[in-house]
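Quick look at target-v1.cif (mmCIF, C-alpha atoms):
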data_coords
#
loop_
_atom_site.label_atom_id
_atom_site.label_comp_id
_atom_site.auth_asym_id
_atom_site.auth_seq_id
_atom_site.Cartn_x
_atom_site.Cartn_y
_atom_site.Cartn_z
CA MET A 1 47.82 -89.64 11.56
CA ALA A 2 46.51 -90.14 8.06
CA ILE A 3 48.52 -92.21 5.65
CA MET A 4 49.71 -90.13 2.73
CA TYR A 5 50.40 -91.29 -0.79
CA ALA A 6 52.31 -89.57 -3.54
CA LEU A 7 50.73 -89.56 -6.98
CA LYS A 8 52.84 -88.81 -10.00
CA SER A 9 51.12 -87.30 -13.01
CA SER A 10 52.14 -88.07 -16.57
CA ASP A 11 54.07 -84.81 -16.69
CA ASN A 12 56.00 -85.78 -13.53
CA GLU A 13 54.30 -83.60 -10.99
CA ILE A 14 53.89 -85.06 -7.51
CA PHE A 15 50.62 -84.78 -5.55
CA GLU A 16 50.55 -85.69 -1.86
CA VAL A 17 47.15 -87.12 -0.95
CA GLU A 18 45.52 -88.77 2.05
CA GLN A 19 44.78 -92.46 1.62
CA LYS A 20 41.07 -92.00 2.31
CA VAL A 21 40.71 -89.41 -0.43
CA ILE A 22 42.46 -91.44 -3.05
CA GLU A 23 40.86 -94.78 -2.19
CA GLN A 24 37.68 -93.65 -3.87
CA SER A 25 39.44 -94.59 -7.06
CA GLU A 26 39.12 -98.34 -7.48
CA THR A 27 42.11 -98.36 -9.79
CA ILE A 28 44.43 -96.77 -7.23
CA LYS A 29 42.96 -98.82 -4.39
CA LYS A 30 43.85 -101.95 -6.28
CA MET A 31 47.35 -100.66 -6.98
CA ILE A 32 47.86 -100.03 -3.27
CA GLU A 33 46.50 -103.46 -2.32
CA ASP A 34 48.69 -105.17 -4.88
CA GLY A 35 51.67 -103.49 -3.29
CA ALA A 36 52.57 -101.77 -6.51
CA ALA A 37 52.46 -98.44 -4.74
CA THR A 38 55.60 -98.14 -2.72
CA GLY A 39 56.81 -94.62 -3.14
CA GLU A 40 55.21 -92.70 -5.97
CA ILE A 41 52.16 -93.98 -7.83
CA PRO A 42 52.59 -93.23 -11.52
CA LEU A 43 49.36 -92.28 -13.32
CA GLN A 44 48.58 -91.68 -16.97
CA VAL A 45 46.89 -88.40 -16.16
CA SER A 46 48.18 -84.89 -16.73
CA SER A 47 48.78 -82.70 -13.69
CA LYS A 48 46.05 -80.26 -14.69
CA THR A 49 43.48 -83.04 -14.89
CA LEU A 50 44.74 -84.80 -11.79
CA ALA A 51 44.35 -81.59 -9.78
CA LYS A 52 40.70 -81.46 -10.86
CA VAL A 53 40.15 -85.12 -10.00
CA LEU A 54 41.57 -84.57 -6.54
CA GLU A 55 39.42 -81.49 -6.07
CA TRP A 56 36.39 -83.69 -6.68
CA CYS A 57 37.62 -86.52 -4.44
CA LYS A 58 38.33 -84.15 -1.55
CA GLN A 59 34.86 -82.66 -1.77
CA ARG A 60 33.32 -86.16 -1.75
CA GLN A 61 35.52 -87.23 1.16
CA HIS A 62 34.48 -84.17 3.13
CA LYS A 63 30.84 -85.08 2.64
CA THR A 64 31.11 -88.69 3.80
CA VAL A 65 33.17 -87.81 6.90
CA GLU A 66 30.72 -85.17 8.03
CA ASN A 67 27.81 -87.52 7.59
CA GLU A 68 29.50 -90.08 9.81
CA ASN A 69 30.04 -87.59 12.60
CA ASP A 70 26.44 -86.43 12.59
CA ASP A 71 24.19 -87.45 15.39
CA ASN A 72 20.51 -87.70 14.73
CA LYS A 73 19.58 -84.51 16.50
CA GLY A 74 19.06 -81.69 14.10
CA LYS A 75 20.45 -83.87 11.38
CA ARG A 76 17.80 -83.02 8.87
CA LYS A 77 18.39 -79.32 8.93
CA LYS A 78 22.12 -79.82 8.80
CA GLU A 79 21.77 -82.22 5.93
CA ARG A 80 19.70 -79.77 4.02
CA ASP A 81 22.28 -77.02 4.53
CA GLU A 82 24.97 -79.42 3.49
CA ASP A 83 23.06 -80.43 0.40
CA ASP A 84 22.82 -76.79 -0.54
CA ASP A 85 26.56 -76.36 -0.04
CA ILE A 86 27.33 -79.38 -2.17
CA LYS A 87 24.96 -78.23 -4.88
CA GLU A 88 26.62 -74.85 -4.92
CA TRP A 89 30.04 -76.44 -5.11
CA GLU A 90 28.95 -78.80 -7.89
CA ASN A 91 27.43 -75.93 -9.84
CA LYS A 92 30.68 -74.03 -9.65
CA PHE A 93 32.62 -77.12 -10.63
CA SER A 94 30.42 -77.78 -13.65
CA ASP A 95 30.44 -74.14 -14.74
CA GLU A 96 34.22 -74.25 -14.86
CA LEU A 97 34.11 -77.42 -16.92
CA LYS A 98 31.52 -76.03 -19.29
CA ALA A 99 33.77 -73.08 -19.96
CA ASP A 100 36.77 -75.31 -20.67
CA LYS A 101 35.57 -78.36 -22.57
CA ASP A 102 39.12 -79.62 -23.03
CA VAL A 103 39.41 -80.19 -19.32
CA LEU A 104 35.94 -81.72 -19.28
CA PHE A 105 36.84 -84.46 -21.73
CA ASP A 106 40.24 -85.07 -20.14
CA LEU A 107 38.44 -85.44 -16.84
CA LEU A 108 35.95 -87.86 -18.37
CA LEU A 109 38.77 -90.05 -19.60
CA ALA A 110 40.56 -89.80 -16.26
CA SER A 111 37.49 -90.75 -14.25
CA ASN A 112 37.03 -93.75 -16.51
CA TYR A 113 40.67 -94.75 -16.16
CA LEU A 114 40.77 -94.23 -12.41
CA ASP A 115 37.41 -95.96 -11.98
CA LEU A 116 35.56 -93.18 -10.17
CA PRO A 117 31.92 -94.05 -10.92
CA ALA A 118 30.41 -91.06 -9.11
CA LEU A 119 32.55 -88.56 -11.01
CA LEU A 120 31.99 -90.42 -14.28
CA SER A 121 28.19 -90.27 -13.94
CA PHE A 122 28.35 -86.64 -12.84
CA LEU A 123 30.33 -85.71 -15.95
CA CYS A 124 28.17 -87.77 -18.30
CA GLN A 125 25.09 -86.08 -16.90
CA LEU A 126 26.82 -82.74 -17.44
CA VAL A 127 27.57 -83.51 -21.09
CA ALA A 128 24.03 -84.87 -21.54
CA ASP A 129 22.61 -81.60 -20.20
CA MET A 130 24.78 -79.67 -22.65
CA VAL A 131 23.65 -81.80 -25.59
CA ALA A 132 19.94 -81.87 -24.73
CA GLY A 133 17.68 -79.89 -27.02
CA LYS A 134 20.35 -79.22 -29.63
CA MET A 135 20.40 -80.10 -33.31
CA PRO A 136 23.27 -82.23 -34.71
CA GLU A 137 24.82 -79.14 -36.32
CA GLU A 138 24.73 -77.22 -33.04
CA ILE A 139 26.27 -80.17 -31.19
CA ARG A 140 29.09 -80.30 -33.74
CA ARG A 141 29.74 -76.62 -33.36
CA MET A 142 29.68 -76.70 -29.57
CA PHE A 143 32.17 -79.55 -29.22
CA ASN A 144 34.21 -78.93 -32.38
CA ILE A 145 33.17 -82.29 -33.72
CA GLU A 146 34.39 -82.81 -37.22
CA ASN A 147 31.58 -83.45 -39.68
CA ASP A 148 32.66 -86.66 -41.36
CA PHE A 149 29.55 -87.11 -43.50
CA THR A 150 29.87 -86.36 -47.19
CA PRO A 151 27.37 -83.79 -48.49
CA GLU A 152 25.48 -86.59 -50.28
CA GLU A 153 25.23 -88.66 -47.12
CA GLU A 154 24.10 -85.63 -45.21
CA LYS A 155 21.38 -84.97 -47.74
CA ALA A 156 20.17 -88.57 -47.56
CA ILE A 157 19.97 -88.40 -43.78
CA THR A 158 18.05 -85.17 -43.80
CA ALA A 159 15.61 -86.70 -46.27
CA GLU A 160 15.18 -89.89 -44.30
CA HIS A 161 15.30 -88.50 -40.80
CA GLY A 162 13.89 -85.05 -41.34
CA TRP A 163 11.81 -85.57 -38.22
CA ALA A 164 14.92 -85.53 -36.05
CA PHE A 165 15.83 -82.07 -37.31
CA GLN A 166 12.54 -80.44 -36.44
CA PRO A 167 12.54 -78.46 -33.24
CA MET B 1 39.70 -72.54 -26.69
CA ALA B 2 43.42 -72.93 -27.05
CA ASN B 3 43.23 -76.45 -28.34
CA ASP B 4 40.95 -77.10 -31.25
CA ALA B 5 41.25 -80.87 -31.04
CA ASP B 6 38.01 -82.76 -31.25
CA LYS B 7 38.21 -84.60 -27.96
CA PHE B 8 34.54 -85.53 -27.84
CA SER B 9 34.61 -87.86 -30.81
CA HIS B 10 37.77 -89.54 -29.53
CA LEU B 11 36.14 -90.66 -26.32
CA PRO B 12 35.81 -94.44 -26.08
CA ASP B 13 32.43 -95.82 -27.08
CA ASP B 14 31.50 -96.92 -23.58
CA ILE B 15 31.67 -93.31 -22.37
CA ILE B 16 29.50 -92.18 -25.28
CA VAL B 17 27.07 -94.95 -24.40
CA LEU B 18 27.02 -93.75 -20.81
CA ILE B 19 26.29 -90.18 -21.92
CA ILE B 20 23.52 -91.50 -24.16
CA SER B 21 21.97 -93.35 -21.24
CA PHE B 22 21.39 -89.95 -19.63
CA LEU B 23 19.59 -88.52 -22.67
CA PRO B 24 15.99 -88.74 -23.83
CA PHE B 25 15.68 -90.59 -27.12
CA ILE B 26 15.46 -87.67 -29.52
CA ASP B 27 18.57 -86.01 -28.07
CA ALA B 28 20.47 -89.29 -28.14
CA TYR B 29 19.51 -89.71 -31.76
CA ARG B 30 20.57 -86.21 -32.70
CA LEU B 31 23.89 -86.70 -30.95
CA CYS B 32 24.49 -89.82 -33.05
CA LEU B 33 23.60 -87.94 -36.22
CA SER B 34 26.42 -85.51 -35.56
CA ARG B 35 29.05 -88.15 -36.36
CA LYS B 36 29.11 -90.89 -38.95
CA ASP B 37 30.92 -93.31 -36.69
CA TRP B 38 28.26 -93.09 -33.96
CA ARG B 39 25.46 -93.32 -36.47
CA GLU B 40 26.90 -96.44 -38.07
CA LYS B 41 27.28 -98.11 -34.72
CA ALA B 42 23.68 -97.10 -33.90
CA LEU B 43 24.71 -95.98 -30.43
CA TRP B 44 21.29 -94.40 -29.82
CA LEU B 45 20.04 -97.93 -29.20
CA TYR B 46 21.66 -97.64 -25.77
CA CYS B 47 19.13 -95.02 -24.79
CA THR B 48 17.23 -95.83 -21.61
CA CYS B 49 14.45 -93.31 -22.04
CA LEU B 50 12.52 -94.14 -25.18
CA ASP B 51 10.04 -91.35 -25.63
CA LEU B 52 8.86 -91.00 -29.21
CA HIS B 53 5.53 -89.72 -30.49
CA GLU B 54 3.88 -89.78 -33.87
CA ILE B 55 3.94 -85.99 -34.01
CA HIS B 56 7.73 -86.05 -34.35
CA PHE B 57 7.28 -87.76 -37.70
CA LEU B 58 4.71 -85.39 -39.17
CA LEU B 59 6.08 -82.83 -41.55
CA PRO B 60 5.53 -79.23 -40.56
CA GLY B 61 2.23 -77.97 -41.86
CA THR B 62 0.48 -81.32 -41.58
CA ARG B 63 -1.53 -80.06 -38.68
CA GLN B 64 -2.48 -76.73 -40.13
CA TYR B 65 -6.08 -76.12 -40.99
CA TRP B 66 -6.49 -75.72 -44.73
CA LEU B 67 -9.50 -74.16 -46.41
CA SER B 68 -8.80 -75.74 -49.75
CA ILE B 69 -9.91 -79.34 -50.09
CA GLY B 70 -6.85 -80.26 -52.11
CA LYS B 71 -4.59 -79.12 -49.30
CA ARG B 72 -6.67 -81.01 -46.78
CA VAL B 73 -6.41 -84.24 -48.74
CA GLN B 74 -2.71 -83.62 -49.00
CA SER B 75 -2.34 -83.17 -45.27
CA MET B 76 -4.31 -86.38 -44.64
CA GLU B 77 -1.91 -88.19 -46.91
CA MET B 78 1.03 -86.67 -45.05
CA LYS B 79 -0.45 -87.87 -41.77
CA ARG B 80 -0.75 -91.37 -43.21
CA ILE B 81 2.85 -91.41 -44.37
CA GLY B 82 4.01 -89.98 -41.06
CA LYS B 83 2.27 -92.80 -39.22
CA ILE B 84 3.79 -95.51 -41.38
CA ARG B 85 7.26 -94.08 -40.90
CA TYR B 86 6.72 -93.68 -37.17
CA VAL B 87 5.58 -97.27 -36.64
CA ASP B 88 8.35 -98.56 -38.85
CA PHE B 89 11.04 -96.60 -37.02
CA LEU B 90 9.76 -97.50 -33.57
CA ASN B 91 9.56 -101.14 -34.58
CA LYS B 92 13.17 -101.19 -35.67
CA THR B 93 14.33 -99.32 -32.60
CA VAL B 94 12.48 -101.49 -30.10
CA THR B 95 13.57 -104.72 -31.80
CA ASN B 96 17.23 -103.71 -31.73
CA LEU B 97 17.32 -101.89 -28.42
CA ALA B 98 20.71 -102.55 -26.85
CA SER B 99 20.30 -101.08 -23.39
CA PRO B 100 19.68 -103.78 -20.78
CA SER B 101 17.13 -101.69 -18.92
CA LEU B 102 14.61 -98.97 -19.65
CA SER B 103 13.63 -96.17 -17.33
CA LYS B 104 10.88 -94.84 -19.54
CA PHE B 105 8.96 -95.97 -22.57
CA SER B 106 6.36 -93.64 -23.99
CA PHE B 107 4.60 -93.79 -27.32
CA ARG B 108 1.69 -91.90 -28.70
CA PHE B 109 -0.10 -92.26 -31.97
CA TYR B 110 -3.64 -92.12 -33.22
CA TYR B 111 -4.89 -95.60 -33.71
CA SER B 112 -8.05 -96.37 -35.61
CA SER B 113 -7.46 -99.74 -37.20
CA ASP B 114 -6.08 -102.95 -35.78
CA ARG B 115 -3.29 -103.04 -38.30
CA TYR B 116 -0.47 -102.56 -35.83
CA HIS B 117 -1.82 -104.70 -33.04
CA GLU B 118 1.06 -107.17 -33.04
CA ASN B 119 3.63 -104.41 -33.22
CA ILE B 120 2.23 -102.66 -30.18
CA ASP B 121 2.08 -105.91 -28.22
CA LYS B 122 5.74 -106.44 -29.03
CA TRP B 123 6.73 -102.92 -27.94
CA ILE B 124 5.05 -103.37 -24.61
CA LYS B 125 6.55 -106.82 -24.17
CA VAL B 126 10.09 -105.60 -24.84
CA ALA B 127 9.63 -102.64 -22.50
CA LEU B 128 8.40 -104.89 -19.70
CA SER B 129 11.22 -107.38 -20.24
CA LYS B 130 13.67 -104.50 -19.72
CA GLY B 131 12.07 -103.64 -16.40
CA VAL B 132 10.59 -100.35 -17.56
CA LYS B 133 9.65 -98.06 -14.67
CA GLU B 134 7.53 -95.51 -16.47
CA LEU B 135 5.20 -96.65 -19.23
CA SER B 136 2.94 -94.38 -21.25
CA ILE B 137 0.57 -95.82 -23.80
CA ASP B 138 -1.39 -93.19 -25.67
CA PHE B 139 -3.62 -93.71 -28.68
CA SER B 140 -5.12 -90.27 -28.79
CA ASP B 141 -4.46 -87.95 -31.65
CA GLY B 142 -3.55 -84.80 -29.82
CA ASP B 143 -4.08 -82.62 -32.88
CA PRO B 144 -4.94 -79.24 -31.40
CA LEU B 145 -6.65 -77.97 -34.56
CA GLU B 146 -8.53 -80.89 -35.94
CA PRO B 147 -8.75 -83.56 -33.30
CA GLN B 148 -9.75 -86.99 -34.50
CA PRO B 149 -12.99 -88.29 -33.04
CA MET B 150 -12.82 -90.10 -29.75
CA LEU B 151 -13.49 -93.78 -30.30
CA LEU B 152 -16.13 -95.18 -28.02
CA THR B 153 -15.08 -98.74 -28.70
CA PRO B 154 -11.32 -98.74 -28.36
CA GLN B 155 -9.39 -100.43 -31.13
CA TYR B 156 -6.54 -101.51 -28.95
CA VAL B 157 -7.10 -103.45 -25.77
CA LEU B 158 -4.25 -103.85 -23.30
CA PRO B 159 -2.75 -107.34 -23.43
CA ASN B 160 -2.96 -109.70 -20.46
CA PHE B 161 0.81 -109.92 -20.08
CA LEU B 162 0.94 -106.24 -19.15
CA TYR B 163 -0.91 -107.10 -15.95
CA GLN B 164 1.23 -110.14 -15.26
CA ASP B 165 4.68 -108.71 -15.99
CA GLY B 166 4.25 -105.14 -14.74
CA MET B 167 5.92 -105.62 -11.37
CA CYS B 168 8.66 -103.05 -12.09
CA LEU B 169 6.26 -100.28 -13.12
CA LYS B 170 6.20 -97.18 -10.95
CA VAL B 171 4.33 -94.88 -13.29
CA LEU B 172 1.63 -96.01 -15.70
CA ASN B 173 -0.22 -93.70 -18.06
CA ILE B 174 -2.91 -95.12 -20.28
CA SER B 175 -4.91 -93.16 -22.78
CA SER B 176 -7.64 -94.03 -25.26
CA CYS B 177 -7.62 -97.79 -25.18
CA GLY B 178 -9.43 -100.69 -23.57
CA LEU B 179 -8.24 -102.05 -20.24
CA GLY B 180 -8.98 -105.69 -21.06
CA TYR B 181 -8.15 -108.11 -18.26
CA CYS B 182 -7.86 -105.24 -15.78
CA ASN B 183 -6.29 -107.04 -12.85
CA PHE B 184 -4.00 -104.66 -11.02
CA GLN B 185 -2.67 -107.09 -8.44
CA GLY B 186 0.61 -107.52 -10.29
CA PHE B 187 1.50 -103.80 -10.08
CA ILE B 188 3.20 -104.12 -6.75
CA ARG B 189 5.44 -101.06 -7.18
CA LEU B 190 3.01 -98.75 -8.91
CA ARG B 191 2.96 -95.22 -7.46
CA THR B 192 1.28 -93.12 -10.10
CA LEU B 193 -1.59 -94.16 -12.29
CA THR B 194 -3.24 -91.95 -14.89
CA LEU B 195 -6.15 -93.11 -16.98
CA THR B 196 -7.33 -90.83 -19.77
CA ARG B 197 -10.32 -91.44 -21.99
CA VAL B 198 -10.86 -94.93 -20.70
CA ARG B 199 -14.19 -96.60 -20.11
CA LEU B 200 -14.39 -97.34 -16.41
CA PHE B 201 -16.79 -98.50 -13.77
CA TRP B 202 -16.34 -97.41 -10.22
CA GLY B 203 -15.83 -100.98 -9.03
CA GLU B 204 -12.75 -101.23 -11.23
CA ILE B 205 -11.25 -98.06 -9.79
CA GLU B 206 -11.77 -99.33 -6.28
CA HIS B 207 -10.10 -102.60 -7.27
CA MET B 208 -7.07 -100.68 -8.59
CA VAL B 209 -6.64 -98.74 -5.36
CA VAL B 210 -7.04 -101.87 -3.22
CA SER B 211 -4.64 -103.90 -5.39
CA CYS B 212 -1.70 -101.50 -5.58
CA PRO B 213 -0.13 -101.16 -2.13
CA TYR B 214 2.13 -98.21 -3.02
CA LEU B 215 -0.25 -96.20 -5.13
CA GLU B 216 0.02 -92.51 -4.23
CA THR B 217 -1.48 -90.58 -7.08
CA MET B 218 -4.42 -91.55 -9.18
CA SER B 219 -5.81 -89.40 -11.97
CA LEU B 220 -8.89 -90.05 -14.04
CA VAL B 221 -9.23 -87.66 -16.95
CA GLU B 222 -12.09 -87.62 -19.43
CA CYS B 223 -13.05 -91.14 -18.47
CA TYR B 224 -16.54 -92.21 -19.44
CA ARG B 225 -19.18 -94.58 -18.08
CA LEU B 226 -18.26 -93.24 -14.68
CA ILE B 227 -21.74 -92.76 -13.28
CA LYS B 228 -21.06 -92.59 -9.61
CA VAL B 229 -18.09 -91.82 -7.41
CA HIS B 230 -17.97 -93.62 -4.11
CA ILE B 231 -14.93 -92.73 -2.02
CA SER B 232 -14.41 -95.40 0.62
CA PHE B 233 -11.82 -95.78 3.35
CA VAL B 234 -9.15 -97.35 1.11
CA PHE B 235 -8.87 -94.10 -0.83
CA LEU B 236 -7.31 -92.47 2.20
CA ARG B 237 -4.16 -94.34 1.35
CA LEU B 238 -3.70 -92.11 -1.69
CA LYS B 239 -1.91 -88.80 -1.46
CA LYS B 240 -3.71 -87.44 -4.42
CA PHE B 241 -6.89 -88.39 -6.23
CA ILE B 242 -7.72 -86.35 -9.29
CA LEU B 243 -10.95 -86.57 -11.23
CA ARG B 244 -11.26 -84.30 -14.20
CA HIS B 245 -13.85 -83.90 -16.93
CA CYS B 246 -15.36 -87.30 -16.41
CA GLU B 247 -18.85 -87.35 -17.88
CA PRO B 248 -21.51 -88.14 -16.96
CA LEU B 249 -20.94 -87.70 -13.27
CA THR B 250 -24.47 -86.51 -12.78
CA LEU B 251 -24.88 -88.19 -9.44
CA GLY B 252 -21.95 -86.38 -7.93
CA VAL B 253 -19.38 -87.55 -5.41
CA GLU B 254 -20.05 -89.55 -2.25
CA LEU B 255 -17.49 -89.56 0.50
CA CYS B 256 -17.94 -92.58 2.78
CA PHE B 257 -16.01 -92.85 6.03
CA GLN B 258 -17.43 -95.89 7.71
CA ASP B 259 -17.45 -96.04 11.51
CA PHE B 260 -15.66 -92.76 11.81
CA ASN B 261 -16.70 -89.41 13.07
CA ILE B 262 -17.32 -87.72 9.80
CA SER B 263 -16.40 -84.18 10.76
CA SER B 264 -13.04 -85.11 12.31
CA MET B 265 -12.33 -87.47 9.46
CA GLN B 266 -13.05 -84.83 6.90
CA GLU B 267 -10.68 -82.51 8.63
CA GLU B 268 -7.99 -85.13 8.51
CA TRP B 269 -8.76 -85.74 4.89
CA CYS B 270 -8.25 -82.09 4.15
CA ASN B 271 -5.05 -81.96 6.10
CA SER B 272 -3.35 -85.06 4.91
CA VAL B 273 -4.75 -85.60 1.50
CA SER B 274 -4.66 -83.00 -1.17
CA ALA B 275 -7.83 -83.97 -2.91
CA ASN B 276 -8.36 -82.29 -6.16
CA TYR B 277 -11.89 -82.42 -7.42
CA LEU B 278 -12.90 -80.71 -10.57
CA ILE B 279 -16.00 -82.37 -11.77
CA SER B 280 -17.79 -81.04 -14.71
CA MET B 281 -21.52 -81.54 -14.48
CA LYS B 282 -23.13 -80.87 -17.74
#
Just give me the structure of the file as structure tokens.
Amino acid sequence: MAIMYALKSSDNEIFEVEQKVIEQSETIKKMIEDGAATGEIPLQVSSKTLAKVLEWCKQRQHKTVENENDDNKGKRKKERDEDDDIKEWENKFSDELKADKDVLFDLLLASNYLDLPALLSFLCQLVADMVAGKMPEEIRRMFNIENDFTPEEEKAITAEHGWAFQP
Amino acid sequence: MANDADKFSHLPDDIIVLIISFLPFIDAYRLCLSRKDWREKALWLYCTCLDLHEIHFLLPGTRQYWLSIGKRVQSMEMKRIGKIRYVDFLNKTVTNLASPSLSKFSFRFYYSSDRYHENIDKWIKVALSKGVKELSIDFSDGDPLEPQPMLLTPQYVLPNFLYQDGMCLKVLNISSCGLGYCNFQGFIRLRTLTLTRVRLFWGEIEHMVVSCPYLETMSLVECYRLIKVHISFVFLRLKKFILRHCEPLTLGVELCFQDFNISSMQEEWCNSVSANYLISMK
């Protein structure tokens, strides 16, 4: 019987999760080890974001368990199929995040706070892919970044670093 | 989007730095130009893939072919200014690079005087000290319309420390310079080696293949002084051996499989090694 833990989001929603799933987060693992986690574990993460984090953790957990149960026979083919499945799942996951950038950045902060290195790198790579090949102005527009340069400063930059604005 | 808040720029700096570490240099730089805060902190210096060529610094039109002499003089002047700005910028960037490691360092600029010798030595030194895995050193011009003449005596010769401190290198591309010391025994992790427009003797090539235990792909493009090709047994270790436009290869290619049944060996060669020979014989 798997040990279950209750996570409480910042807006007081409770999530019941298996220990193995949640131990991927170094932050929570430490909380459990320190004994600070009797009953509900309070987290500074909204329920919407936490649901996404758990979605990711469960997928990861699934992957590691299946790999352990594999015997060597026919492993390669199985692995390849699995890799395809995971890719497909990750693509879907990232498409959702691309469509809702609010969630994306909340998730970035959450993965940093919960110390989930795999998710953090995955998200950073995702943002990097979105930024790649775009001009500063396009990046600002895409992420609603406020342009805090004065027009004079902007002019000076364009004059000095014109090369960076060429396609 | 329901919420218009600018969440990106409120991310902590270490997350921005992490995102930057996934970006090639020019994209990292553009990202930092989108916000004053990031630009002032020079976060692009955390980039791990420094890939910057002279051509980025040439104004548009510099490489057009002009009929009028005045315009041509003007474009030469623009090339000169572009080069100065490029070297200056790269110098500053390399000196202040904040990332502890480098995955890739690639520079390319036409080099016809020894004015920047010390700068280039420093770039290579910094890259090696950060354990660079992919290093590209290119002194060719690459102007598609009016290519600069190929220099038969290279102005820049690779420094000795490249051979001594290159143990992290996996990919090495060298174009249009002298090889100097040319001892490949220190490249213990090298997998891919490309030499373009380099003066080479066959003995040196053999030495490279023998010295690098993990070498898989070797390409020689437009190399000169290559009079004879002599493929010996050690070349079977390679997965790919590419020889392209190397003149004068008038004596052709010799495949030598000592003490082996040649026909069966050749078959194996064809099966296991994708040899790619395109030798121009003029």
### Task
I would like the residues chosen by the PyMOL selection byres ((chain A and resi 32-46) around 12) on the shown file; could you give them as number ranges by chain?
A: 3-17, 19-20, 22-23, 25-31, 47-54, 103, 106-114
Print the selection's residues with C-alpha atoms to a file, as a PDB file, in the coordinates of the input.
ATOM      1  CA  ILE A   3      48.520 -92.210   5.650  1.00  0.00           C
ATOM      2  CA  MET A   4      49.710 -90.130   2.730  1.00  0.00           C
ATOM      3  CA  TYR A   5      50.400 -91.290  -0.790  1.00  0.00           C
ATOM      4  CA  ALA A   6      52.310 -89.570  -3.540  1.00  0.00           C
ATOM      5  CA  LEU A   7      50.730 -89.560  -6.980  1.00  0.00           C
ATOM      6  CA  LYS A   8      52.840 -88.810 -10.000  1.00  0.00           C
ATOM      7  CA  SER A   9      51.120 -87.300 -13.010  1.00  0.00           C
ATOM      8  CA  SER A  10      52.140 -88.070 -16.570  1.00  0.00           C
ATOM      9  CA  ASP A  11      54.070 -84.810 -16.690  1.00  0.00           C
ATOM     10  CA  ASN A  12      56.000 -85.780 -13.530  1.00  0.00           C
ATOM     11  CA  GLU A  13      54.300 -83.600 -10.990  1.00  0.00           C
ATOM     12  CA  ILE A  14      53.890 -85.060  -7.510  1.00  0.00           C
ATOM     13  CA  PHE A  15      50.620 -84.780  -5.550  1.00  0.00           C
ATOM     14  CA  GLU A  16      50.550 -85.690  -1.860  1.00  0.00           C
ATOM     15  CA  VAL A  17      47.150 -87.120  -0.950  1.00  0.00           C
ATOM     16  CA  GLN A  19      44.780 -92.460   1.620  1.00  0.00           C
ATOM     17  CA  LYS A  20      41.070 -92.000   2.310  1.00  0.00           C
ATOM     18  CA  ILE A  22      42.460 -91.440  -3.050  1.00  0.00           C
ATOM     19  CA  GLU A  23      40.860 -94.780  -2.190  1.00  0.00           C
ATOM     20  CA  SER A  25      39.440 -94.590  -7.060  1.00  0.00           C
ATOM     21  CA  GLU A  26      39.120 -98.340  -7.480  1.00  0.00           C
ATOM     22  CA  THR A  27      42.110 -98.360  -9.790  1.00  0.00           C
ATOM     23  CA  ILE A  28      44.430 -96.770  -7.230  1.00  0.00           C
ATOM     24  CA  LYS A  29      42.960 -98.820  -4.390  1.00  0.00           C
ATOM     25  CA  LYS A  30      43.850-101.950  -6.280  1.00  0.00           C
ATOM     26  CA  MET A  31      47.350-100.660  -6.980  1.00  0.00           C
ATOM     27  CA  SER A  47      48.780 -82.700 -13.690  1.00  0.00           C
ATOM     28  CA  LYS A  48      46.050 -80.260 -14.690  1.00  0.00           C
ATOM     29  CA  THR A  49      43.480 -83.040 -14.890  1.00  0.00           C
ATOM     30  CA  LEU A  50      44.740 -84.800 -11.790  1.00  0.00           C
ATOM     31  CA  ALA A  51      44.350 -81.590  -9.780  1.00  0.00           C
ATOM     32  CA  LYS A  52      40.700 -81.460 -10.860  1.00  0.00           C
ATOM     33  CA  VAL A  53      40.150 -85.120 -10.000  1.00  0.00           C
ATOM     34  CA  LEU A  54      41.570 -84.570  -6.540  1.00  0.00           C
ATOM     35  CA  VAL A 103      39.410 -80.190 -19.320  1.00  0.00           C
ATOM     36  CA  ASP A 106      40.240 -85.070 -20.140  1.00  0.00           C
ATOM     37  CA  LEU A 107      38.440 -85.440 -16.840  1.00  0.00           C
ATOM     38  CA  LEU A 108      35.950 -87.860 -18.370  1.00  0.00           C
ATOM     39  CA  LEU A 109      38.770 -90.050 -19.600  1.00  0.00           C
ATOM     40  CA  ALA A 110      40.560 -89.800 -16.260  1.00  0.00           C
ATOM     41  CA  SER A 111      37.490 -90.750 -14.250  1.00  0.00           C
ATOM     42  CA  ASN A 112      37.030 -93.750 -16.510  1.00  0.00           C
ATOM     43  CA  TYR A 113      40.670 -94.750 -16.160  1.00  0.00           C
ATOM     44  CA  LEU A 114      40.770 -94.230 -12.410  1.00  0.00           C
TER      45      LEU A 114
END
### Expected selection from the PyMOL selection byres ((chain B) within 8 of (chain A)), given as number ranges by chain
B: 1, 3-9, 11, 15, 18-20, 22-24, 26-27, 29-36, 56-59
### Query
What residues have an atom no more than 12 Å from (1.9, -103.5, -6.7) in the file's own frame, counting only C-alpha atoms, and can you write them as a PyMOL selection string?
chain B and resi 163-172+183-193+208-216
#### Entry: Radius query 6 Å about (3.5, -94.6, -26.0), atoms used: only C-alpha atoms, as a list of chain:residue names
B:Ser106, B:Phe107, B:Arg108, B:Ser136, B:Ile137, B:Asp138
### Message
When you look at B:Pro159 with a cut-off of 7 Å (counting all atoms listed in the file), what residues show up, excluding the ones that are within fewer than 2 positions of it in the same chain? I need them as a list in words.
### Response
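So the residues in contact are Asp121, Val157, Phe161, Leu162 and Gly180 of chain B.
With atom CA of B:Arg225 on one side and atom CA of B:Tyr181 on the other, the separation reads 17.5 Å.
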